There are 2 protein chains.
Amino acid sequence: MNNISNLQKARYEYKPKLPNVLKNISLVKVIKGKLTSSVSDADELKNIFPNTFGLPLINFEVGEKQDSEPINVAVILSGGQAPGGHNVIAGIYDSLKKLNSKSKLFGFLGGPSGLIDNEYIEMSENLINEFRNTGGFDIIGSGRTKLEKEEQFEKVLVNLKKLNISALVIIGGDDSNTNAGILAEYYVKNNSGVQVIGVPKTIDGDLKNDMIEASFGFDTATKVYNELIGNIQRDANSAKKYWHFIKLMGRSASHIALECGLQTHANITIISEEVEKKHYSLQDIVEYIANVIVKRSDAGKDFGDVIIPEGLIEFIPDMKKLISSINNLLEANKVEFEKINELEEKRKFVLSKLENDLQNIYAMLPKDIASQMIMERDPHGNVQVSLIETEKLLIELVGKKLSEYKKAGKYNGKFSARNHFFGYEGRCAAPTNFDADYTYSLGYSATVLIAAKVTAYMVSIRNLSMESSKWLPGGVPLTSMMNIENRKGGNKPVIKKALVELEGKPFKELVANRSKWELENDYVYQGSIQYFGPSEIVDKRTRTLELEKVHTKH
Amino acid sequence: MNNISNLQKARYEYKPKLPNVLKNISLVKVIKGKLTSSVSDADELKNIFPNTFGLPLINFEVGEKQDSEPINVAVILSGGQAPGGHNVIAGIYDSLKKLNSKSKLFGFLGGPSGLIDNEYIEMSENLINEFRNTGGFDIIGSGRTKLEKEEQFEKVLVNLKKLNISALVIIGGDDSNTNAGILAEYYVKNNSGVQVIGVPKTIDGDLKNDMIEASFGFDTATKVYNELIGNIQRDANSAKKYWHFIKLMGRSASHIALECGLQTHANITIISEEVEKKHYSLQDIVEYIANVIVKRSDAGKDFGDVIIPEGLIEFIPDMKKLISSINNLLEANKVEFEKINELEEKRKFVLSKLENDLQNIYAMLPKDIASQMIMERDPHGNVQVSLIETEKLLIELVGKKLSEYKKAGKYNGKFSARNHFFGYEGRCAAPTNFDADYTYSLGYSATVLIAAKVTAYMVSIRNLSMESSKWLPGGVPLTSMMNIENRKGGNKPVIKKALVELEGKPFKELVANRSKWELENDYVYQGSIQYFGPSEIVDKRTRTLELEKVHTKH
């Protein structure tokens, strides 16, 4: 083993807390409950999933001891890292071995591509012990290859059969779990004898519904960001001279921004879903921020912070239109565009090809941002939205707006800003006790579903806002979370992505506190993640979970 | 009180550990030891400081109980934030009140300017309790006004006298403490009856010598950065597709970069002092990084991390020359330059005015960096070195170099990079147990020096690598840490800044491990700061301190 930090060594010894029903794995009985449908488009989905649509919900209960045959199981990690992935694998491993010590767990390497290319390792006690309660996906790696074609499904099947594997656990986000559902249906249809079970992973928090109260990793990642935001707020409140513009990961959804806003009481928290709903333009957002800055400045506070969700730019209707137009015109004028060498000339070329109203918007953008939009594009030739430095864009535009205000005598302060982007900083942190417990329990639950011979399920653990002993593990049919959406030019079945609900309690709490947090220095300094110490510190849930699930509290 | 996080509430209850000799403050006896000189330039310094040069070192011992008169003391926080500042103030407050409950502590607001403008608050138990063991300087704020003119000294004296204050504690870095020394001399010369005591503060770690083993805040700040770097390394090692270029605060000195490199085993840690000593050019650094990337890529590792010290650019001889030339030519061509509107035209103007060899270097810089250098300048019209995004500069230049290698058939990998800059994230974190104990003890020690009626001393606590009970508190004359340096056109007495010593043990440990850490994934994931739990986690010292002071270990 490499050098191991003292904290990591101590965390190896942490025993994740299991729900009562899972404490003796050989006594767990599977109870099939009410039959499910889908989020919408039931008829269409029934056609696509004739064998796996409408399955019942599954709960676990304590039953009588049963003998288990040995089972060989495969597991992959799919997509972006999230704290707790290693514990899902540890949970599967421990529970499988407890049920039957002859069972085997194979980890396929580098995500879905490992399944296709037959690259794997067999999990051992020694290996697992090196990764208990640690962050990262480095135990077997992860990848973004999409497992969606029948040709791939067949290759995977051949590889699984070689190892006598009868169940595959896919740890991933909404896309990976959608594909898990399609794979499951395909394997049932062809009597392949391989079950497919999904596990809800993503720091973004957008894989969420009645049965999936939280995806794992959200708790840990947001706590890392809260630590950093709190430190920055304390710095702002000490130096009293900077506005900090902080962009946070989270892809399209603003769950992370919202959770961090609620926990830290940032002066401004932008929520993309609200921007879209209210048809805010980029100028509207700039003016909103500038007005808060003026208000605070009038109160003697030339400092503060703004939380910006990663996906914001795509939720601003005019920017969305601009990006889509640029994508189209670059595609249509590919040859001509590629011939231009100078970035500034490229920018002028794009400008000349845009329609009138979009031309104005593009011309208004700072040149470096305008260039950023056309400089690096993804493999499909599209603008790389995630690389656009929204935080810098807003600083520049807000600065201009404040200069206008100053000239007009409306603002008398000093605006100096600093930008930050947090994402990679939290995706691989060592899981909080909550995420360590949750993921380990998810692994145990996956084993229960596998032993029950079901397929096309996602592991579901409810009552997460309560102490772990009271959690309710079970399974939810993958199809029950799906609807039909238009993606890349075709109607496709997909697990419905959870965006921030403007009628939900977390967003309402933000709205209720907005004007107070804007003006006052009501910052809450959450500090670094604690693994030892009083329960109110080490087991604290996210504010999102507390608010969303308060009705399940006793 | 505002909303307080559970962790902060728990930290209020933490009782900082004191050295044995300070445990009963009314028994502490001051022992004057050997007379001091200065780092160099003794004769010149003796002339400048006729009253405060050559004072003896001071140690504390346990003596007999003595009655103390009430004393009124002033305290200010000066310069950038560092974790533990609040505990210095709490330590002064508690010890003053223990010596005589009629003593008073006044906090002057917003740094040195508060002293000049007579803005202050009197410290109370209730106020202090809200700030115990917390990060930030928000209790009284900080500022960067320089207290260096006699006219200011007189104003301050008037304000202090109004409150019957006989001692002033200045919590600051090397510059603030240099000025504290000048102020102390002035007050002795004029029989002002005000003592001046300095406290060594800075996360940068560059206020360090035989008597000052560490400045406070370095421990906490580097631990926050280590957490983040470790999380990023784990992410890199999981996704296996990104190189992360991480710039770290620390001004001129590379202590923070070195400490973080040693703790995390980053693949590459650049040390400015080495760059300067070995006369590396920007191209040398780019090639060094590119060569490590090629080496790792050949071993199948297209990922890694590079730690870059904030001040790097000024230590690269050719860049230093370039920056200085630009400063001069902008000054000489001020009117003409200001007339140019377009940034690109400004860049071309600067380019045209540079000498031949510097022209080549400036032309080689990416346009956005070249523009950054002339876009925002400080109040003196100089290039703002700290705003140059060195991390992005290196990514761009390394990318170009790797493209050349690829064309030449020397590199076959994929280079994708992400940039980070950490500074504000750590300056206001809640102090680690070490920094909480150290700063509280510094506060106590300041009171002892004040009660002993000495002036022109900095508080010094040695044996910091040992457990706190064995620490050796005392005082060191400010002049003894000074030398004469040329600053802004004149020879001035200054406390010698500690840069990374290339012959020191910390740097040697880096060198000894360099090739191993470059190639292997030997990352150490330190995790978040822990305040509760096993001592080997919550009391762990920095690697820098362990290595530098290992000879004092038992």
# chains A, B, ... in the order shown; residues from 1 in each chain; ligands from 1
call {"tool": "interface_residues", "arguments": {"of": "chain A", "to": "chain B", "cutoff": "6 Å", "atoms": "only C-alpha atoms", "output": "compact mmCIF listing (two decimals) with C-alpha atoms, in the first residue's frame"}}
result
# COMPACT_ATOMS: atom_id res chain seq x y z
CA ILE A 4 -2.11 6.54 3.69
CA SER A 5 -3.16 9.62 5.63
CA ASN A 6 -4.02 9.21 9.30
CA GLY A 136 -13.12 8.36 -5.51
CA PHE A 137 -13.90 5.69 -8.06
CA ASP A 138 -10.31 4.54 -8.34
CA GLY A 141 -12.31 3.39 -12.39
CA LEU A 228 -15.33 26.57 1.01
CA ASN A 231 -14.54 30.26 4.40
CA ILE A 232 -14.84 32.69 1.51
CA ARG A 234 -15.79 34.86 6.36
CA ASP A 235 -12.93 36.26 4.29
CA SER A 238 -13.24 40.29 7.29
CA TYR A 424 -13.72 18.59 -8.85
CA GLU A 425 -12.97 19.66 -5.27
CA CYS A 428 -14.04 12.54 -4.65
CA ALA A 429 -14.05 13.65 -1.02
CA VAL A 524 -23.36 30.44 8.29
CA GLN A 526 -20.44 25.25 8.20
CA SER A 528 -15.10 21.16 7.23
CA GLN A 530 -16.36 16.03 10.54
CA PHE A 532 -15.87 12.01 14.63
CA GLY A 533 -17.72 13.84 17.36
CA ILE A 537 -22.35 17.43 13.54
call {"tool": "select_by_dssp", "arguments": {"residues": "segment 164-390 of chain B", "states": "helix (DSSP H, G or I)", "output": "tab-separated table (two decimals) with C-alpha atoms, in the first residue's frame"}}
result
chain	number	residue	atom	x	y	z
B	174	ASP	CA	6.67	40.83	8.21
B	175	ASP	CA	5.82	44.32	6.94
B	176	SER	CA	3.43	45.11	9.77
B	177	ASN	CA	5.95	43.88	12.31
B	178	THR	CA	8.72	45.91	10.73
B	179	ASN	CA	6.52	48.96	11.18
B	180	ALA	CA	5.75	47.82	14.73
B	181	GLY	CA	9.48	47.95	15.39
B	182	ILE	CA	9.78	51.48	13.98
B	183	LEU	CA	6.76	52.58	16.00
B	184	ALA	CA	8.20	51.03	19.17
B	185	GLU	CA	11.50	52.86	18.69
B	186	TYR	CA	9.66	56.13	18.09
B	187	TYR	CA	7.57	55.72	21.24
B	188	VAL	CA	10.63	54.94	23.38
B	189	LYS	CA	12.55	57.85	21.93
B	218	PHE	CA	-0.07	28.38	7.90
B	219	ASP	CA	-1.13	25.12	9.55
B	220	THR	CA	-4.85	25.59	8.92
B	221	ALA	CA	-4.63	27.12	5.47
B	222	THR	CA	-2.34	24.43	4.10
B	223	LYS	CA	-4.61	21.74	5.56
B	224	VAL	CA	-7.59	23.18	3.68
B	225	TYR	CA	-5.56	23.23	0.47
B	226	ASN	CA	-4.32	19.68	1.11
B	227	GLU	CA	-7.91	18.51	1.46
B	228	LEU	CA	-8.82	20.04	-1.88
B	229	ILE	CA	-5.68	18.87	-3.68
B	230	GLY	CA	-6.23	15.33	-2.36
B	231	ASN	CA	-9.83	15.36	-3.54
B	232	ILE	CA	-8.72	16.54	-6.96
B	233	GLN	CA	-5.98	13.90	-7.13
B	234	ARG	CA	-8.49	11.19	-6.26
B	235	ASP	CA	-10.71	12.56	-9.01
B	236	ALA	CA	-7.83	12.58	-11.48
B	237	ASN	CA	-6.92	9.02	-10.50
B	238	SER	CA	-10.55	7.90	-10.94
B	239	ALA	CA	-11.44	9.65	-14.21
B	255	HIS	CA	6.22	27.58	1.56
B	256	ILE	CA	2.56	26.76	0.99
B	257	ALA	CA	3.26	25.04	-2.33
B	258	LEU	CA	6.09	23.08	-0.74
B	259	GLU	CA	4.05	22.00	2.31
B	260	CYS	CA	1.16	20.93	0.09
B	261	GLY	CA	3.47	19.10	-2.30
B	262	LEU	CA	5.02	17.21	0.61
B	263	GLN	CA	1.66	16.31	2.11
B	264	THR	CA	-0.18	15.29	-1.06
B	272	SER	CA	9.85	29.60	-7.14
B	273	GLU	CA	13.05	29.84	-5.14
B	274	GLU	CA	14.50	26.93	-7.12
B	275	VAL	CA	13.42	28.49	-10.40
B	276	GLU	CA	15.24	31.69	-9.52
B	277	LYS	CA	18.35	29.97	-8.21
B	282	LEU	CA	9.48	30.05	-18.71
B	283	GLN	CA	10.31	27.61	-21.52
B	284	ASP	CA	12.40	25.51	-19.12
B	285	ILE	CA	9.43	25.16	-16.78
B	286	VAL	CA	7.08	24.38	-19.65
B	287	GLU	CA	9.44	21.70	-20.92
B	288	TYR	CA	9.90	20.19	-17.49
B	289	ILE	CA	6.14	19.85	-17.04
B	290	ALA	CA	5.66	18.58	-20.59
B	291	ASN	CA	8.37	15.97	-20.11
B	292	VAL	CA	6.73	14.63	-16.96
B	293	ILE	CA	3.42	14.47	-18.82
B	294	VAL	CA	5.06	12.48	-21.61
B	295	LYS	CA	6.71	10.15	-19.11
B	296	ARG	CA	3.40	9.48	-17.34
B	297	SER	CA	1.58	9.13	-20.63
B	298	ASP	CA	4.07	6.50	-21.78
B	312	LEU	CA	6.18	32.03	-9.61
B	313	ILE	CA	6.08	34.49	-12.47
B	314	GLU	CA	8.26	37.00	-10.61
B	315	PHE	CA	10.92	34.40	-9.93
B	317	PRO	CA	14.32	35.78	-14.48
B	318	ASP	CA	13.12	36.58	-18.02
B	319	MET	CA	9.55	37.21	-16.86
B	320	LYS	CA	10.77	39.42	-14.04
B	321	LYS	CA	12.70	41.45	-16.57
B	322	LEU	CA	9.67	41.59	-18.83
B	323	ILE	CA	7.35	42.80	-16.06
B	324	SER	CA	9.81	45.42	-14.96
B	325	SER	CA	10.30	46.64	-18.54
B	326	ILE	CA	6.56	46.86	-19.07
B	327	ASN	CA	6.20	48.84	-15.84
B	328	ASN	CA	8.86	51.25	-17.02
B	329	LEU	CA	7.59	51.65	-20.57
B	330	LEU	CA	4.02	52.17	-19.45
B	331	GLU	CA	5.24	54.87	-17.11
B	332	ALA	CA	7.33	56.48	-19.85
B	334	LYS	CA	1.63	56.87	-20.16
B	335	VAL	CA	-0.23	59.48	-22.18
B	336	GLU	CA	0.11	57.69	-25.47
B	337	PHE	CA	-0.86	54.34	-23.93
B	338	GLU	CA	-3.97	55.66	-22.24
B	339	LYS	CA	-5.24	56.98	-25.55
B	343	LEU	CA	-6.83	45.94	-25.70
B	344	GLU	CA	-5.29	44.19	-28.68
B	345	GLU	CA	-3.89	47.52	-29.89
B	346	LYS	CA	-2.51	48.16	-26.42
B	347	ARG	CA	-0.80	44.80	-26.54
B	348	LYS	CA	0.74	45.62	-29.92
B	349	PHE	CA	1.86	49.00	-28.62
B	350	VAL	CA	3.64	47.42	-25.66
B	351	LEU	CA	5.16	44.82	-27.96
B	352	SER	CA	6.56	47.50	-30.23
B	353	LYS	CA	8.21	49.31	-27.35
B	356	ASN	CA	14.38	42.62	-28.80
B	357	ASP	CA	14.74	39.67	-26.43
B	358	LEU	CA	11.81	40.73	-24.28
B	359	GLN	CA	9.76	41.28	-27.41
B	360	ASN	CA	10.16	37.60	-28.22
B	361	ILE	CA	9.05	36.55	-24.76
B	362	TYR	CA	6.04	38.85	-24.76
B	363	ALA	CA	5.03	37.71	-28.24
B	364	MET	CA	5.22	34.09	-27.11
B	367	LYS	CA	-2.81	36.90	-26.01
B	368	ASP	CA	-5.18	36.82	-23.06
B	369	ILE	CA	-2.29	36.56	-20.61
B	370	ALA	CA	-0.34	39.25	-22.45
B	371	SER	CA	-3.43	41.43	-22.21
B	372	GLN	CA	-3.97	40.56	-18.55
B	373	MET	CA	-0.53	41.97	-17.82
B	374	ILE	CA	-1.42	45.41	-19.11
B	375	MET	CA	-5.15	45.51	-18.41
B	385	VAL	CA	1.34	40.07	-10.81
B	386	SER	CA	-1.13	38.29	-8.55
B	387	LEU	CA	-3.87	38.61	-11.17
B	390	THR	CA	-0.09	31.52	-14.26
call {"tool": "select_by_dssp", "arguments": {"residues": "segment 398-548 of chain A", "states": "strand (DSSP E)", "output": "PyMOL selection string"}}
result
chain A and resi 417-422+457-462+472-477+482-487+490-495
call {"tool": "residues_around", "arguments": {"residues": "segment 465-475 of chain A", "least_positions_apart": "4", "cutoff": "7 Å", "atoms": "only C-alpha atoms", "output": "count of residues only"}}
result
19
call {"tool": "residues_around", "arguments": {"residues": "Ile484 of chain B", "least_positions_apart": "3", "cutoff": "7 Å", "atoms": "only C-alpha atoms", "output": "PyMOL selection string"}}
result
chain B and resi 41+491-494
call {"tool": "write_last_selection", "arguments": {"atoms": "N, CA, C and O atoms", "output": "PDB file, in the first residue's frame"}}
result
ATOM      1  N   ASP B  41      23.768  43.900   8.894  1.00  0.00           N
ATOM      2  CA  ASP B  41      23.712  45.366   8.903  1.00  0.00           C
ATOM      3  C   ASP B  41      23.549  45.938  10.315  1.00  0.00           C
ATOM      4  O   ASP B  41      22.803  46.910  10.527  1.00  0.00           O
ATOM      5  N   ASN B 491      17.127  52.297   0.868  1.00  0.00           N
ATOM      6  CA  ASN B 491      17.527  51.273   1.820  1.00  0.00           C
ATOM      7  C   ASN B 491      16.674  51.391   3.071  1.00  0.00           C
ATOM      8  O   ASN B 491      16.568  52.466   3.655  1.00  0.00           O
ATOM      9  N   LYS B 492      16.064  50.292   3.445  1.00  0.00           N
ATOM     10  CA  LYS B 492      15.165  50.337   4.601  1.00  0.00           C
ATOM     11  C   LYS B 492      15.404  49.162   5.528  1.00  0.00           C
ATOM     12  O   LYS B 492      15.786  48.082   5.079  1.00  0.00           O
ATOM     13  N   PRO B 493      15.167  49.398   6.839  1.00  0.00           N
ATOM     14  CA  PRO B 493      15.240  48.269   7.765  1.00  0.00           C
ATOM     15  C   PRO B 493      13.968  47.427   7.613  1.00  0.00           C
ATOM     16  O   PRO B 493      12.866  47.974   7.632  1.00  0.00           O
ATOM     17  N   VAL B 494      14.140  46.143   7.408  1.00  0.00           N
ATOM     18  CA  VAL B 494      12.961  45.267   7.303  1.00  0.00           C
ATOM     19  C   VAL B 494      13.243  43.929   7.987  1.00  0.00           C
ATOM     20  O   VAL B 494      14.388  43.470   8.029  1.00  0.00           O
TER      21      VAL B 494
END
